[in-house]
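Encoded as structure tokens, the structure appears first; notes follow it.
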Protein chains: 2
Amino acid sequence: MNISEAARRSGLSAKTIRYYEDIELIAPATRGENGYRQYDAKAVEELHFLARARDVGFDLHECRQLLELQRDRSRQSRHARELVLEKSEQLQARVEQLVSMQQVLQAMASRCRGDEGPECAILDDLAHASKDNR
Amino acid sequence: MNISEAARRSGLSAKTIRYYEDIELIAPATRGENGYRQYDAKAVEELHFLARARDVGFDLHECRQLLELQRDRSRQSRHARELVLEKSEQLQARVEQLVSMQQVLQAMASRCRGDEGPECAILDDLAHASKDNR
DNA sequence: CTTGACCTTACAGTTACAGGAAGGTTTACA
DNA sequence: TGTAAACCTTCCTGTAACTGTAAGGTCAAG
């Protein structure tokens, strides 16, 4: 199948597939007589694997590691588990950071009248607030 | 004061301050005889304003709008409020997305033995899972 | 035989900076 | 007085993970 069909089935864009080939995340696709890339079910599976891994938050470096594990017959599942748990912790940390930012925003908004006048607690906060005004 | 002192007081790096000047987010600093940038308390206030706005999640485009409001004597506080509430919603959406990703990771990890063997529910999940396995 | 939908490569642009090179200035100290 | 550290300057490159666009080749339908 051609690249757009592989894209459709894997959940990646054709652009992204070419990019992954470029950076040698995946092996170069075989080519038809016309020079078009050709994909079989196995190739699509790998692309789908990557799409899923990206979806749950792994960056391309980590995807590379996951793919290596996926290909390695003598792998140890604890390696994959470690990657997953580490990523989970990273997401957790990021969530906490975002929530804290959001709370600051909510606090700002609650103090601001939000009317037609120029007086604005938000802008005052941003201008003068010390590091911790929760 | 020189740039590194302005950096220290504002919470931005010297690199970042020069960058903000480059992209015309802030006015070019006045220069001393030696060509060094000079900052006064007012300039530092603006830098600090930017540092705070970035801290709570605004991108540079939004910072530009906030700065315009900050400078505008005939501003309407509802404009700032709208920016803040919109950003808050964006953060909220992002948090929900990250939490959902994290839940998938946790589910994967819970199914994986994580031992020395090659059998791995995580890699199987990534390889074969359909779009919704929560 | 042409039109539209594919495909190709290659290069620029995105965000918000950080790092580093090459060189000028200032300050402290021996 | 010399010099070394610690500033400062501009300019260029690199980052992550693509997306957009240009210029052009290919294929299938009508």
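To be explicit about the labels: the chains of the structure tokens are called A, B, and onward in the order shown, and within each one the residues are counted from 1, while ligands get numbers from 1 in the order they are shown.
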
At most 9 Å is the cut-off: for each residue in chain D with any atom that close to an atom of chain A, write down the nearest atom pair and the distance in Å rounded to one decimal, counting only C-alpha atoms (C1' of nucleotides), chain first then increasing number, as a tab-separated table.
residue	atom	partner	partner_atom	distance
D:DA16	C1'	A:Asp59	CA	8.6
D:DA17	C1'	A:Leu60	CA	8.3
D:DC18	C1'	A:Thr16	CA	6.9
D:DT19	C1'	A:Lys15	CA	8.1
D:DT26	C1'	A:Asn34	CA	7.3

> chain A residues within 12 Å of chain C, counting only C-alpha atoms (C1' of nucleotides): which ones, as a count of residues only?
Replying inline: 15

> Once you count only C-alpha atoms, which residues of chain A turn out to be within 7 Å of chain B? Could you give them as a PyMOL selection string?
Replying inline: chain A and resi 45+48-49+52-53+56-57+70+73-78+80-81+84+88+91+95+98+101-102+105+109+112-120+122-123+126-127

I need the chosen residues saved as a compact mmCIF listing (two decimals), in the first residue's frame, with C-alpha atoms.
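Result file follows (result31.txt):
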# COMPACT_ATOMS: atom_id res chain seq x y z
CA GLU A 45 1.92 -2.22 12.87
CA HIS A 48 0.70 2.22 14.80
CA PHE A 49 2.92 1.30 17.73
CA ARG A 52 0.16 4.94 20.33
CA ALA A 53 3.40 5.60 22.16
CA VAL A 56 0.47 8.47 25.73
CA GLY A 57 3.25 11.00 26.02
CA GLN A 70 9.54 -4.29 20.92
CA ARG A 73 13.29 -11.08 21.54
CA SER A 74 15.45 -11.32 24.67
CA ARG A 75 14.00 -8.20 26.23
CA GLN A 76 13.05 -7.85 29.88
CA SER A 77 9.63 -6.48 30.53
CA ARG A 78 10.86 -4.50 33.50
CA ALA A 80 9.34 -1.23 29.45
CA ARG A 81 7.70 -0.95 32.82
CA VAL A 84 6.13 3.71 31.57
CA SER A 88 3.73 8.54 34.35
CA LEU A 91 3.00 13.54 33.51
CA VAL A 95 -0.22 18.11 35.81
CA LEU A 98 -0.45 23.20 35.38
CA MET A 101 -0.79 27.76 37.39
CA GLN A 102 -4.49 27.49 36.83
CA LEU A 105 -5.22 32.40 37.18
CA ALA A 109 -9.83 36.39 37.75
CA CYS A 112 -10.88 41.32 38.82
CA ARG A 113 -14.12 43.10 38.16
CA GLY A 114 -13.83 42.50 34.45
CA ASP A 115 -15.85 45.53 33.43
CA GLU A 116 -15.41 48.50 31.12
CA GLY A 117 -13.12 50.34 33.51
CA PRO A 118 -9.30 50.34 33.56
CA GLU A 119 -8.87 49.19 37.11
CA CYS A 120 -7.71 45.59 36.92
CA ILE A 122 -5.12 40.90 37.13
CA LEU A 123 -2.75 43.43 35.64
CA LEU A 126 1.12 40.55 37.21
CA ALA A 127 2.90 43.82 37.77

>> as an NGL selection string, please: every residue in range 2-134 of chain A that DSSP puts in helix (DSSP H, G or I).
In response: :A and (3-10 or 14-22 or 41-55 or 60-71 or 77-111 or 121-128)

For those residues, write C-alpha atoms to a file as an mmCIF file, in the first residue's frame.
data_model
loop_
_atom_site.group_PDB
_atom_site.id
_atom_site.type_symbol
_atom_site.label_atom_id
_atom_site.label_comp_id
_atom_site.auth_asym_id
_atom_site.auth_seq_id
_atom_site.Cartn_x
_atom_site.Cartn_y
_atom_site.Cartn_z
ATOM 1 C CA ILE A 3 1.944 6.061 2.191
ATOM 2 C CA SER A 4 -1.451 7.720 2.559
ATOM 3 C CA GLU A 5 -3.133 4.394 3.160
ATOM 4 C CA ALA A 6 -0.459 3.484 5.711
ATOM 5 C CA ALA A 7 -1.063 6.849 7.311
ATOM 6 C CA ARG A 8 -4.785 6.259 7.498
ATOM 7 C CA ARG A 9 -4.340 2.838 9.062
ATOM 8 C CA SER A 10 -1.609 3.788 11.525
ATOM 9 C CA ALA A 14 2.098 10.833 5.697
ATOM 10 C CA LYS A 15 4.394 13.716 6.556
ATOM 11 C CA THR A 16 5.137 12.202 9.912
ATOM 12 C CA ILE A 17 5.896 8.808 8.428
ATOM 13 C CA ARG A 18 8.410 10.339 6.033
ATOM 14 C CA TYR A 19 9.872 12.284 8.909
ATOM 15 C CA TYR A 20 10.285 9.140 11.006
ATOM 16 C CA GLU A 21 12.076 7.533 8.105
ATOM 17 C CA ASP A 22 14.282 10.606 7.741
ATOM 18 C CA ALA A 41 0.904 -4.936 7.428
ATOM 19 C CA LYS A 42 4.034 -5.350 9.521
ATOM 20 C CA ALA A 43 5.250 -1.864 8.693
ATOM 21 C CA VAL A 44 1.848 -0.445 9.524
ATOM 22 C CA GLU A 45 1.924 -2.222 12.870
ATOM 23 C CA GLU A 46 5.163 -0.519 13.738
ATOM 24 C CA LEU A 47 3.751 2.847 12.710
ATOM 25 C CA HIS A 48 0.703 2.224 14.804
ATOM 26 C CA PHE A 49 2.924 1.296 17.731
ATOM 27 C CA LEU A 50 4.632 4.650 17.378
ATOM 28 C CA ALA A 51 1.359 6.530 17.113
ATOM 29 C CA ARG A 52 0.158 4.935 20.325
ATOM 30 C CA ALA A 53 3.397 5.597 22.163
ATOM 31 C CA ARG A 54 3.308 9.268 21.121
ATOM 32 C CA ASP A 55 -0.345 9.447 22.177
ATOM 33 C CA LEU A 60 10.720 10.292 20.000
ATOM 34 C CA HIS A 61 13.819 9.342 21.939
ATOM 35 C CA GLU A 62 11.710 7.203 24.223
ATOM 36 C CA CYS A 63 9.800 5.811 21.264
ATOM 37 C CA ARG A 64 13.112 4.666 19.901
ATOM 38 C CA GLN A 65 13.815 2.784 23.111
ATOM 39 C CA LEU A 66 10.355 1.265 23.129
ATOM 40 C CA LEU A 67 10.741 0.140 19.547
ATOM 41 C CA GLU A 68 14.043 -1.481 20.403
ATOM 42 C CA LEU A 69 12.379 -3.374 23.209
ATOM 43 C CA GLN A 70 9.540 -4.294 20.919
ATOM 44 C CA ARG A 71 11.990 -5.782 18.416
ATOM 45 C CA SER A 77 9.626 -6.481 30.532
ATOM 46 C CA ARG A 78 10.856 -4.501 33.496
ATOM 47 C CA HIS A 79 12.608 -2.147 31.102
ATOM 48 C CA ALA A 80 9.341 -1.231 29.447
ATOM 49 C CA ARG A 81 7.700 -0.946 32.824
ATOM 50 C CA GLU A 82 10.365 1.444 34.036
ATOM 51 C CA LEU A 83 9.867 3.663 31.015
ATOM 52 C CA VAL A 84 6.125 3.711 31.574
ATOM 53 C CA LEU A 85 6.353 4.486 35.265
ATOM 54 C CA GLU A 86 8.893 7.211 34.713
ATOM 55 C CA LYS A 87 6.700 8.793 32.059
ATOM 56 C CA SER A 88 3.734 8.537 34.353
ATOM 57 C CA GLU A 89 5.616 10.426 37.019
ATOM 58 C CA GLN A 90 6.607 13.088 34.528
ATOM 59 C CA LEU A 91 2.999 13.545 33.515
ATOM 60 C CA GLN A 92 1.998 13.713 37.140
ATOM 61 C CA ALA A 93 4.527 16.445 37.809
ATOM 62 C CA ARG A 94 3.416 18.397 34.768
ATOM 63 C CA VAL A 95 -0.219 18.107 35.809
ATOM 64 C CA GLU A 96 0.561 19.455 39.235
ATOM 65 C CA GLN A 97 2.409 22.373 37.729
ATOM 66 C CA LEU A 98 -0.445 23.201 35.377
ATOM 67 C CA VAL A 99 -3.022 22.926 38.120
ATOM 68 C CA SER A 100 -1.028 25.292 40.268
ATOM 69 C CA MET A 101 -0.792 27.764 37.392
ATOM 70 C CA GLN A 102 -4.485 27.486 36.829
ATOM 71 C CA GLN A 103 -5.215 28.199 40.461
ATOM 72 C CA VAL A 104 -3.218 31.392 40.249
ATOM 73 C CA LEU A 105 -5.222 32.398 37.181
ATOM 74 C CA GLN A 106 -8.498 31.658 38.911
ATOM 75 C CA ALA A 107 -7.455 33.684 41.917
ATOM 76 C CA MET A 108 -6.563 36.574 39.666
ATOM 77 C CA ALA A 109 -9.826 36.393 37.754
ATOM 78 C CA SER A 110 -11.843 36.263 40.954
ATOM 79 C CA ARG A 111 -10.330 39.527 42.133
ATOM 80 C CA ALA A 121 -6.604 43.277 39.678
ATOM 81 C CA ILE A 122 -5.120 40.896 37.133
ATOM 82 C CA LEU A 123 -2.753 43.426 35.637
ATOM 83 C CA ASP A 124 -1.895 44.673 39.110
ATOM 84 C CA ASP A 125 -1.133 41.134 40.161
ATOM 85 C CA LEU A 126 1.122 40.548 37.212
ATOM 86 C CA ALA A 127 2.899 43.817 37.772
ATOM 87 C CA HIS A 128 3.487 43.673 41.494
#

> For the atom pair CA of Ile23 in chain A and C1' of DA23 in chain D, what is the interatomic distance in Å to one decimal place?
Replying inline: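 So the answer is 23.7 Å.
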